[in-house]
Amino acid sequence: MTTLVYSHPAAAAHDMPTGHPERVARIEAVEAALAAPAFAALLREQAPVARDEDLLLCHPAEHVAAIRDACAEAAGTGRSVALDPDTWATPGAWEAAARAVGGAIAAVDAVIARRAHNAFVAMRPPGHHAERARPMGFCLFGTVAIAARHALERHGLRRVAVVDFDVHHGNGTQDLLWNEERALFASTHQMPLYPGTGARNERGAHGQIVNVPLPPGADGATFRRVFKADILPRLEAHEPELVLVSAGFDAHRDDPLASLSLTEEDFAWATRALCAVARSHAGGRLVSTLEGGYDLGALGRSVAAHVGVLMEEGGQAG
């Protein structure tokens, strides 16, 4: 089977204020990396727009309406609207965020239908900081959590797992899945760091949340050690029928927003480990969504390493 990449030009139309780290150049760096000859065998499709009923899998109607209204105001005036000091509704924000969610849902559909072995959703804005009724951390909707709920509620899966190796804790995903016994959420992240959540004693309503904070300066050897000791055994015990990945690449040593010291080889190693879990329990079904990563060179190299491993699993690598 194949590796499927979902993307859309709308990801480049969400133009944040000058100097903002979550900028259009990020998706351009991702697209440039995946335009290399090594990725010619990828199956590529456009990310569809999520419906309101998709967003309502995790968010109340009031949140969806508030984001829609702010984005409509921005589109009508041509001026971005601040939702908090870091998070903005821009003229292109609604379509970009709705297609990020729609791409994740379509990717879940594709791997469950066996149209693809695995998938990567190359969209922005990211999603893992958006809480139930609060946009934050550049994020408007909880993309990966919505994809998890879609798999559980609409495809009847009994167990899914979400793994987040972004340098910032996925507080939004944790909030949205806190009471969801069928979804294991496991995260490695730097602590202390924004948003200030993700302590080991945050375990979820059913003990299904696994937080593994890393100290500033932690390197790839430390990351791999805790991943093997704390993350992988919980994944194996959960026996997920689908593995979802919040693929943030800002734990890279070159990233300006944090101070972990991972390299693209560490992300490739983690991807192989997650693919092995998916192979053992989920028939290889894995969907990855882009989260952070703010050094453009490191982001492009890391995405290439991550997707390259997905292609190996899909039998496309030369």
# chains A, B, ... in the order shown; residues from 1 in each chain; ligands from 1
call {"tool": "residues_around", "arguments": {"residues": "A:Asp254", "least_positions_apart": "4", "cutoff": "10 Å", "atoms": "only C-alpha atoms", "output": "list in words"}}
result
Asp250, Ala258, Ser259, Leu260, Ser261, Leu262, Thr263, Gly293, Tyr294, Asp295, Leu296, Gly297, Ala298 and Leu299 of chain A
call {"tool": "write_last_selection", "arguments": {"atoms": "N, CA and C atoms", "output": "PDB file, in the first residue's frame"}}
result
ATOM      1  N   ASP A 250       9.578  20.817  16.824  1.00  0.00           N
ATOM      2  CA  ASP A 250      10.261  21.903  17.518  1.00  0.00           C
ATOM      3  C   ASP A 250      11.105  21.431  18.698  1.00  0.00           C
ATOM      4  N   ALA A 258      12.405  26.606  21.900  1.00  0.00           N
ATOM      5  CA  ALA A 258      12.589  25.687  23.018  1.00  0.00           C
ATOM      6  C   ALA A 258      14.064  25.304  23.110  1.00  0.00           C
ATOM      7  N   SER A 259      14.361  24.352  23.983  1.00  0.00           N
ATOM      8  CA  SER A 259      15.770  24.028  24.193  1.00  0.00           C
ATOM      9  C   SER A 259      16.012  22.540  24.417  1.00  0.00           C
ATOM     10  N   LEU A 260      15.290  21.695  23.689  1.00  0.00           N
ATOM     11  CA  LEU A 260      15.697  20.297  23.595  1.00  0.00           C
ATOM     12  C   LEU A 260      16.704  20.160  22.459  1.00  0.00           C
ATOM     13  N   SER A 261      17.329  18.993  22.376  1.00  0.00           N
ATOM     14  CA  SER A 261      18.453  18.828  21.434  1.00  0.00           C
ATOM     15  C   SER A 261      18.284  17.604  20.566  1.00  0.00           C
ATOM     16  N   LEU A 262      17.063  17.404  20.036  1.00  0.00           N
ATOM     17  CA  LEU A 262      16.830  16.289  19.136  1.00  0.00           C
ATOM     18  C   LEU A 262      17.288  16.639  17.730  1.00  0.00           C
ATOM     19  N   THR A 263      17.456  15.612  16.916  1.00  0.00           N
ATOM     20  CA  THR A 263      17.789  15.776  15.505  1.00  0.00           C
ATOM     21  C   THR A 263      16.738  15.054  14.670  1.00  0.00           C
ATOM     22  N   GLY A 293       7.321  23.353  14.883  1.00  0.00           N
ATOM     23  CA  GLY A 293       8.578  23.298  14.146  1.00  0.00           C
ATOM     24  C   GLY A 293       8.820  24.644  13.508  1.00  0.00           C
ATOM     25  N   TYR A 294       9.783  25.416  14.043  1.00  0.00           N
ATOM     26  CA  TYR A 294       9.868  26.836  13.696  1.00  0.00           C
ATOM     27  C   TYR A 294      11.207  27.259  13.119  1.00  0.00           C
ATOM     28  N   ASP A 295      12.179  26.382  13.099  1.00  0.00           N
ATOM     29  CA  ASP A 295      13.370  26.607  12.276  1.00  0.00           C
ATOM     30  C   ASP A 295      13.101  25.939  10.935  1.00  0.00           C
ATOM     31  N   LEU A 296      13.123  26.723   9.864  1.00  0.00           N
ATOM     32  CA  LEU A 296      12.636  26.204   8.579  1.00  0.00           C
ATOM     33  C   LEU A 296      13.490  25.063   8.053  1.00  0.00           C
ATOM     34  N   GLY A 297      14.795  25.173   8.184  1.00  0.00           N
ATOM     35  CA  GLY A 297      15.660  24.098   7.714  1.00  0.00           C
ATOM     36  C   GLY A 297      15.441  22.819   8.496  1.00  0.00           C
ATOM     37  N   ALA A 298      15.399  22.927   9.825  1.00  0.00           N
ATOM     38  CA  ALA A 298      15.174  21.759  10.666  1.00  0.00           C
ATOM     39  C   ALA A 298      13.801  21.156  10.405  1.00  0.00           C
ATOM     40  N   LEU A 299      12.802  22.015  10.207  1.00  0.00           N
ATOM     41  CA  LEU A 299      11.456  21.525   9.927  1.00  0.00           C
ATOM     42  C   LEU A 299      11.428  20.717   8.639  1.00  0.00           C
TER      43      LEU A 299
END
call {"tool": "select_by_dssp", "arguments": {"residues": "stretch 66-246 of chain A", "states": "alpha helix (DSSP H)", "output": "ChimeraX atom specification"}}
result
/A:66-77,93-112,143-154,171-177,220-226,232-238
call {"tool": "atom_distance", "arguments": {"atom1": "atom CA of A:Glu291", "atom2": "atom CA of A:Gly308"}}
result
17.5 Å
call {"tool": "closest_atom_pairs", "arguments": {"of": "stretch 238-292 of chain A", "to": "stretch 27-47 of chain A", "cutoff": "12 Å", "atoms": "only C-alpha atoms", "output": "tab-separated table"}}
result
residue	atom	partner	partner_atom	distance
A:Phe249	CA	A:Val30	CA	11.3
A:Thr289	CA	A:Ala47	CA	11.8
A:Leu290	CA	A:Val30	CA	9.5
A:Glu291	CA	A:Ile27	CA	10.9
A:Gly292	CA	A:Ile27	CA	10.7
call {"tool": "write_last_selection", "arguments": {"atoms": "N, CA and C atoms", "output": "short mmCIF file (atom, residue, chain, number, x, y, z; two decimals), in the first residue's frame"}}
result
data_model
loop_
_atom_site.label_atom_id
_atom_site.label_comp_id
_atom_site.auth_asym_id
_atom_site.auth_seq_id
_atom_site.Cartn_x
_atom_site.Cartn_y
_atom_site.Cartn_z
N PHE A 249 7.95 19.22 15.34
CA PHE A 249 9.39 19.04 15.17
C PHE A 249 10.20 20.15 15.83
N THR A 289 -0.21 14.16 11.96
CA THR A 289 -0.59 15.53 11.63
C THR A 289 0.52 16.49 12.06
N LEU A 290 0.77 17.49 11.24
CA LEU A 290 1.83 18.47 11.53
C LEU A 290 1.42 19.36 12.70
N GLU A 291 2.33 19.51 13.64
CA GLU A 291 2.14 20.46 14.74
C GLU A 291 3.21 21.55 14.61
N GLY A 292 4.13 21.65 15.58
CA GLY A 292 5.11 22.72 15.58
C GLY A 292 6.36 22.42 14.77
#
call {"tool": "residues_around", "arguments": {"residues": "stretch 155-165 of chain A", "least_positions_apart": "6", "cutoff": "7 Å", "atoms": "only C-alpha atoms", "output": "PyMOL selection string"}}
result
chain A and resi 148+182-189+240-248
